[in-house]
>>> print(open('structure_6.cif').read())   # mmCIF, C-alpha atoms
data_final
#
loop_
_atom_site.group_PDB
_atom_site.id
_atom_site.type_symbol
_atom_site.label_atom_id
_atom_site.label_comp_id
_atom_site.auth_asym_id
_atom_site.auth_seq_id
_atom_site.Cartn_x
_atom_site.Cartn_y
_atom_site.Cartn_z
ATOM 1 C CA MET A 1 -6.250 -18.466 -6.980
ATOM 2 C CA LYS A 2 -3.691 -21.250 -6.485
ATOM 3 C CA ARG A 3 -1.375 -20.475 -3.592
ATOM 4 C CA LYS A 4 2.288 -21.380 -3.477
ATOM 5 C CA GLU A 5 3.188 -24.321 -1.314
ATOM 6 C CA PHE A 6 6.389 -24.905 0.648
ATOM 7 C CA GLU A 7 8.038 -27.189 -1.938
ATOM 8 C CA GLN A 8 7.158 -24.884 -4.832
ATOM 9 C CA CYS A 9 8.715 -21.939 -2.990
ATOM 10 C CA ILE A 10 11.933 -23.910 -2.555
ATOM 11 C CA ARG A 11 11.986 -24.951 -6.229
ATOM 12 C CA GLU A 12 11.507 -21.312 -7.285
ATOM 13 C CA ASN A 13 14.258 -20.122 -4.886
ATOM 14 C CA LYS A 14 11.762 -17.940 -3.031
ATOM 15 C CA LEU A 15 12.380 -19.870 0.177
ATOM 16 C CA ILE A 16 16.026 -20.398 1.010
ATOM 17 C CA GLU A 17 17.639 -22.376 3.795
ATOM 18 C CA THR A 18 20.482 -20.205 5.098
ATOM 19 C CA GLY A 19 21.831 -22.804 7.491
ATOM 20 C CA ILE A 20 22.282 -20.089 10.125
ATOM 21 C CA LYS A 21 19.845 -19.924 13.033
ATOM 22 C CA ASP A 22 19.876 -16.181 13.543
ATOM 23 C CA PHE A 23 18.731 -15.643 17.141
ATOM 24 C CA SER A 24 19.940 -12.050 17.104
ATOM 25 C CA MET A 25 17.817 -11.123 14.081
ATOM 26 C CA ALA A 26 14.818 -12.920 15.547
ATOM 27 C CA LYS A 27 15.127 -10.964 18.813
ATOM 28 C CA GLU A 28 15.490 -7.671 16.932
ATOM 29 C CA LEU A 29 12.434 -8.395 14.788
ATOM 30 C CA LEU A 30 10.403 -9.376 17.860
ATOM 31 C CA THR A 31 11.408 -6.105 19.541
ATOM 32 C CA LEU A 32 10.510 -4.117 16.416
ATOM 33 C CA ALA A 33 7.138 -5.864 16.148
ATOM 34 C CA GLU A 34 6.412 -5.137 19.820
ATOM 35 C CA HIS A 35 7.303 -1.458 19.368
ATOM 36 C CA ARG A 36 5.065 -1.269 16.321
ATOM 37 C CA GLU A 37 2.254 -2.971 18.255
ATOM 38 C CA GLU A 38 2.660 -0.509 21.140
ATOM 39 C CA PHE A 39 2.464 2.379 18.656
ATOM 40 C CA TRP A 40 -0.783 1.138 17.091
ATOM 41 C CA ASN A 41 -2.306 0.294 20.471
ATOM 42 C CA GLY A 42 -1.656 3.882 21.529
ATOM 43 C CA LEU A 43 -3.728 5.131 18.595
ATOM 44 C CA LYS A 44 -6.790 2.871 18.946
ATOM 45 C CA GLU A 45 -9.212 5.788 18.929
ATOM 46 C CA LYS A 46 -7.940 6.808 15.471
ATOM 47 C CA SER A 47 -8.868 3.486 13.810
ATOM 48 C CA LYS A 48 -12.251 4.844 12.740
ATOM 49 C CA ASN A 49 -10.582 7.550 10.614
ATOM 50 C CA PHE A 50 -7.615 5.521 9.323
ATOM 51 C CA PRO A 51 -8.630 1.857 8.908
ATOM 52 C CA PRO A 52 -6.295 1.105 5.974
ATOM 53 C CA LEU A 53 -3.316 2.296 8.010
ATOM 54 C CA PHE A 54 -4.327 0.075 10.914
ATOM 55 C CA LEU A 55 -4.632 -2.957 8.633
ATOM 56 C CA GLU A 56 -1.273 -2.254 6.987
ATOM 57 C CA GLY A 57 0.441 -1.587 10.311
ATOM 58 C CA HIS A 58 -0.799 -4.784 11.889
ATOM 59 C CA TYR A 59 0.044 -6.790 8.772
ATOM 60 C CA GLU A 60 3.630 -5.498 9.124
ATOM 61 C CA ILE A 61 3.709 -6.774 12.708
ATOM 62 C CA ILE A 62 2.618 -10.231 11.534
ATOM 63 C CA LYS A 63 5.180 -10.189 8.722
ATOM 64 C CA GLU A 64 8.002 -9.209 11.094
ATOM 65 C CA LEU A 65 7.072 -11.944 13.571
ATOM 66 C CA ALA A 66 6.863 -14.520 10.781
ATOM 67 C CA THR A 67 10.254 -13.411 9.449
ATOM 68 C CA ALA A 68 11.684 -13.787 12.958
ATOM 69 C CA ILE A 69 10.463 -17.395 13.094
ATOM 70 C CA LEU A 70 12.175 -18.156 9.791
ATOM 71 C CA ALA A 71 15.392 -16.509 11.017
ATOM 72 C CA LEU A 72 15.287 -18.735 14.118
ATOM 73 C CA ASP A 73 14.973 -21.805 11.915
ATOM 74 C CA GLY A 74 17.708 -20.731 9.486
ATOM 75 C CA TRP A 75 15.454 -19.807 6.570
ATOM 76 C CA LYS A 76 14.751 -16.729 4.454
ATOM 77 C CA ALA A 77 11.655 -15.995 2.342
ATOM 78 C CA LEU A 78 11.720 -13.780 -0.733
ATOM 79 C CA SER A 79 7.948 -13.312 -0.896
ATOM 80 C CA HIS A 80 5.219 -12.944 1.680
ATOM 81 C CA GLU A 81 3.342 -15.893 0.213
ATOM 82 C CA CYS A 82 6.388 -18.130 0.681
ATOM 83 C CA LEU A 83 6.938 -16.704 4.153
ATOM 84 C CA PHE A 84 3.471 -17.937 5.084
ATOM 85 C CA ALA A 85 3.952 -21.227 3.187
ATOM 86 C CA TYR A 86 6.925 -21.913 5.444
ATOM 87 C CA LEU A 87 4.859 -21.243 8.559
ATOM 88 C CA LYS A 88 2.079 -23.483 7.277
ATOM 89 C CA GLN A 89 4.339 -26.546 7.202
ATOM 90 C CA LYS A 90 5.322 -26.051 10.878
ATOM 91 C CA LYS A 91 3.176 -28.514 12.809
ATOM 92 C CA ASP A 92 3.706 -26.842 16.193
ATOM 93 C CA LEU A 93 2.384 -23.423 15.161
ATOM 94 C CA GLU A 94 -1.389 -23.102 15.370
ATOM 95 C CA ILE A 95 -2.608 -20.141 13.348
ATOM 96 C CA ASP A 96 -5.005 -19.737 10.428
ATOM 97 C CA PHE A 97 -2.684 -19.756 7.419
ATOM 98 C CA ASP A 98 -5.471 -19.167 4.918
ATOM 99 C CA TYR A 99 -6.321 -16.025 6.872
ATOM 100 C CA LEU A 100 -2.711 -14.817 6.599
ATOM 101 C CA LEU A 101 -2.994 -15.060 2.824
ATOM 102 C CA GLU A 102 -6.349 -13.243 2.833
ATOM 103 C CA LEU A 103 -4.790 -10.513 4.955
ATOM 104 C CA LYS A 104 -1.835 -10.308 2.534
ATOM 105 C CA ASP A 105 -4.274 -9.894 -0.366
ATOM 106 C CA LEU A 106 -6.191 -7.178 1.495
ATOM 107 C CA ARG A 107 -2.967 -5.338 2.322
ATOM 108 C CA ASN A 108 -1.822 -5.605 -1.315
ATOM 109 C CA SER A 109 -5.170 -4.233 -2.507
ATOM 110 C CA ILE A 110 -4.672 -1.234 -0.254
ATOM 111 C CA ASP A 111 -0.991 -0.688 -1.095
ATOM 112 C CA TYR A 112 -0.927 -1.452 -4.811
ATOM 113 C CA ARG A 113 -4.455 -0.765 -6.041
ATOM 114 C CA GLY A 114 -5.591 1.975 -3.686
ATOM 115 C CA ALA A 115 -8.523 -0.052 -2.388
ATOM 116 C CA LYS A 116 -10.731 1.870 0.001
ATOM 117 C CA VAL A 117 -11.181 0.087 3.309
ATOM 118 C CA GLY A 118 -13.811 1.212 5.780
ATOM 119 C CA HIS A 119 -13.774 0.972 9.545
ATOM 120 C CA ASP A 120 -16.100 -2.040 9.327
ATOM 121 C CA ILE A 121 -13.335 -4.048 7.589
ATOM 122 C CA TRP A 122 -10.856 -3.130 10.326
ATOM 123 C CA LYS A 123 -13.348 -4.104 13.058
ATOM 124 C CA LYS A 124 -14.111 -7.376 11.274
ATOM 125 C CA ASN A 125 -10.391 -8.264 11.195
ATOM 126 C CA GLU A 126 -9.105 -6.676 14.398
ATOM 127 C CA MET A 127 -9.665 -9.592 16.792
ATOM 128 C CA LYS A 128 -8.292 -12.241 14.416
ATOM 129 C CA ILE A 129 -5.229 -10.085 13.715
ATOM 130 C CA LYS A 130 -4.564 -9.646 17.440
ATOM 131 C CA VAL A 131 -4.995 -13.378 18.104
ATOM 132 C CA THR A 132 -2.541 -14.130 15.282
ATOM 133 C CA ILE A 133 -0.005 -11.640 16.642
ATOM 134 C CA ARG A 134 -0.332 -13.100 20.134
ATOM 135 C CA ALA A 135 0.200 -16.664 18.858
ATOM 136 C CA LEU A 136 3.273 -15.681 16.835
ATOM 137 C CA LYS A 137 4.792 -13.781 19.777
ATOM 138 C CA GLU A 138 4.185 -16.695 22.163
ATOM 139 C CA TYR A 139 5.789 -19.107 19.709
ATOM 140 C CA LEU A 140 8.822 -16.851 19.357
ATOM 141 C CA ARG A 141 9.241 -16.308 23.085
ATOM 142 C CA LYS A 142 9.204 -20.083 23.676
ATOM 143 C CA SER A 143 11.812 -20.548 20.953
ATOM 144 C CA LEU A 144 14.242 -17.766 21.934
#
>>> encode(input="structure_6.cif", output="structure tokens")
Amino acid sequence: MKRKEFEQCIRENKLIETGIKDFSMAKELLTLAEHREEFWNGLKEKSKNFPPLFLEGHYEIIKELATAILALDGWKALSHECLFAYLKQKKDLEIDFDYLLELKDLRNSIDYRGAKVGHDIWKKNEMKIKVTIRALKEYLRKSL
């Protein structure tokens, strides 16, 4: 499947430069993501019974952190794919962008097609998700 690139997202008006570096929104989104992370960390023992919820919940954390980065830069994304396309063009952010898109597809399969996800899928993704979250949070903290 061909993924949207930064320039295509701009042409399609799915990635918009607002011109306003919104530090307040970025801080609020970082706080929300950290609260969400604390919630999921407090339920670790439940991951075996609810793996799709853990994947969705952690995807939301990544999405909120990514949105915060765009807000800091004065941008807004109208799709998750374009949100990640924006991050991909940032040279000072070292994360696996292809993985973000795979995670988006997995989350969409769960949310929109009712895909069944076993605990093995959560365990396979857990470490990479946590590394991604950590990298996004560190980037944001340096930028705020």
>>> closest_residue(input="structure_6.cif", among="A:Ile16, A:Leu144, A:Leu55, A:Leu103", to="Lys123 in chain A", atoms="only C-alpha atoms")
A:Leu55
>>> closest_residue(input="structure_6.cif", among="A:Tyr112, A:Gly74, A:His80, A:Leu100", to="Asp22 in chain A", atoms="all atoms listed in the file")
A:Gly74
>>> atom_distance(input="structure_6.cif", atom1="CA of Arg107 in chain A", atom2="CA of Glu126 in chain A")
13.6 Å
>>> closest_residue(input="structure_6.cif", among="A:Asn49, A:Thr67, A:Thr31, A:Ser79", to="Leu15 in chain A", atoms="all atoms listed in the file")
A:Ser79
>>> residues_around(input="structure_6.cif", residues="Gly114 in chain A", least_positions_apart="6", cutoff="12 Å", atoms="all atoms listed in the file", output="MDAnalysis selection string")
chainID A and resid 52:53 106:108
>>> residues_around(input="structure_6.cif", residues="Ile62 in chain A", least_positions_apart="2", cutoff="10 Å", atoms="all atoms listed in the file", output="compact mmCIF listing (two decimals) with C-alpha atoms, in the frame of the given file")
# COMPACT_ATOMS: atom_id res chain seq x y z
CA ALA A 33 7.14 -5.86 16.15
CA GLU A 37 2.25 -2.97 18.26
CA GLU A 56 -1.27 -2.25 6.99
CA GLY A 57 0.44 -1.59 10.31
CA HIS A 58 -0.80 -4.78 11.89
CA TYR A 59 0.04 -6.79 8.77
CA GLU A 60 3.63 -5.50 9.12
CA GLU A 64 8.00 -9.21 11.09
CA LEU A 65 7.07 -11.94 13.57
CA ALA A 66 6.86 -14.52 10.78
CA THR A 67 10.25 -13.41 9.45
CA ALA A 68 11.68 -13.79 12.96
CA LEU A 100 -2.71 -14.82 6.60
CA LEU A 103 -4.79 -10.51 4.96
CA ILE A 129 -5.23 -10.09 13.72
CA LYS A 130 -4.56 -9.65 17.44
CA THR A 132 -2.54 -14.13 15.28
CA ILE A 133 0.00 -11.64 16.64
CA ARG A 134 -0.33 -13.10 20.13
CA LEU A 136 3.27 -15.68 16.84
CA LYS A 137 4.79 -13.78 19.78
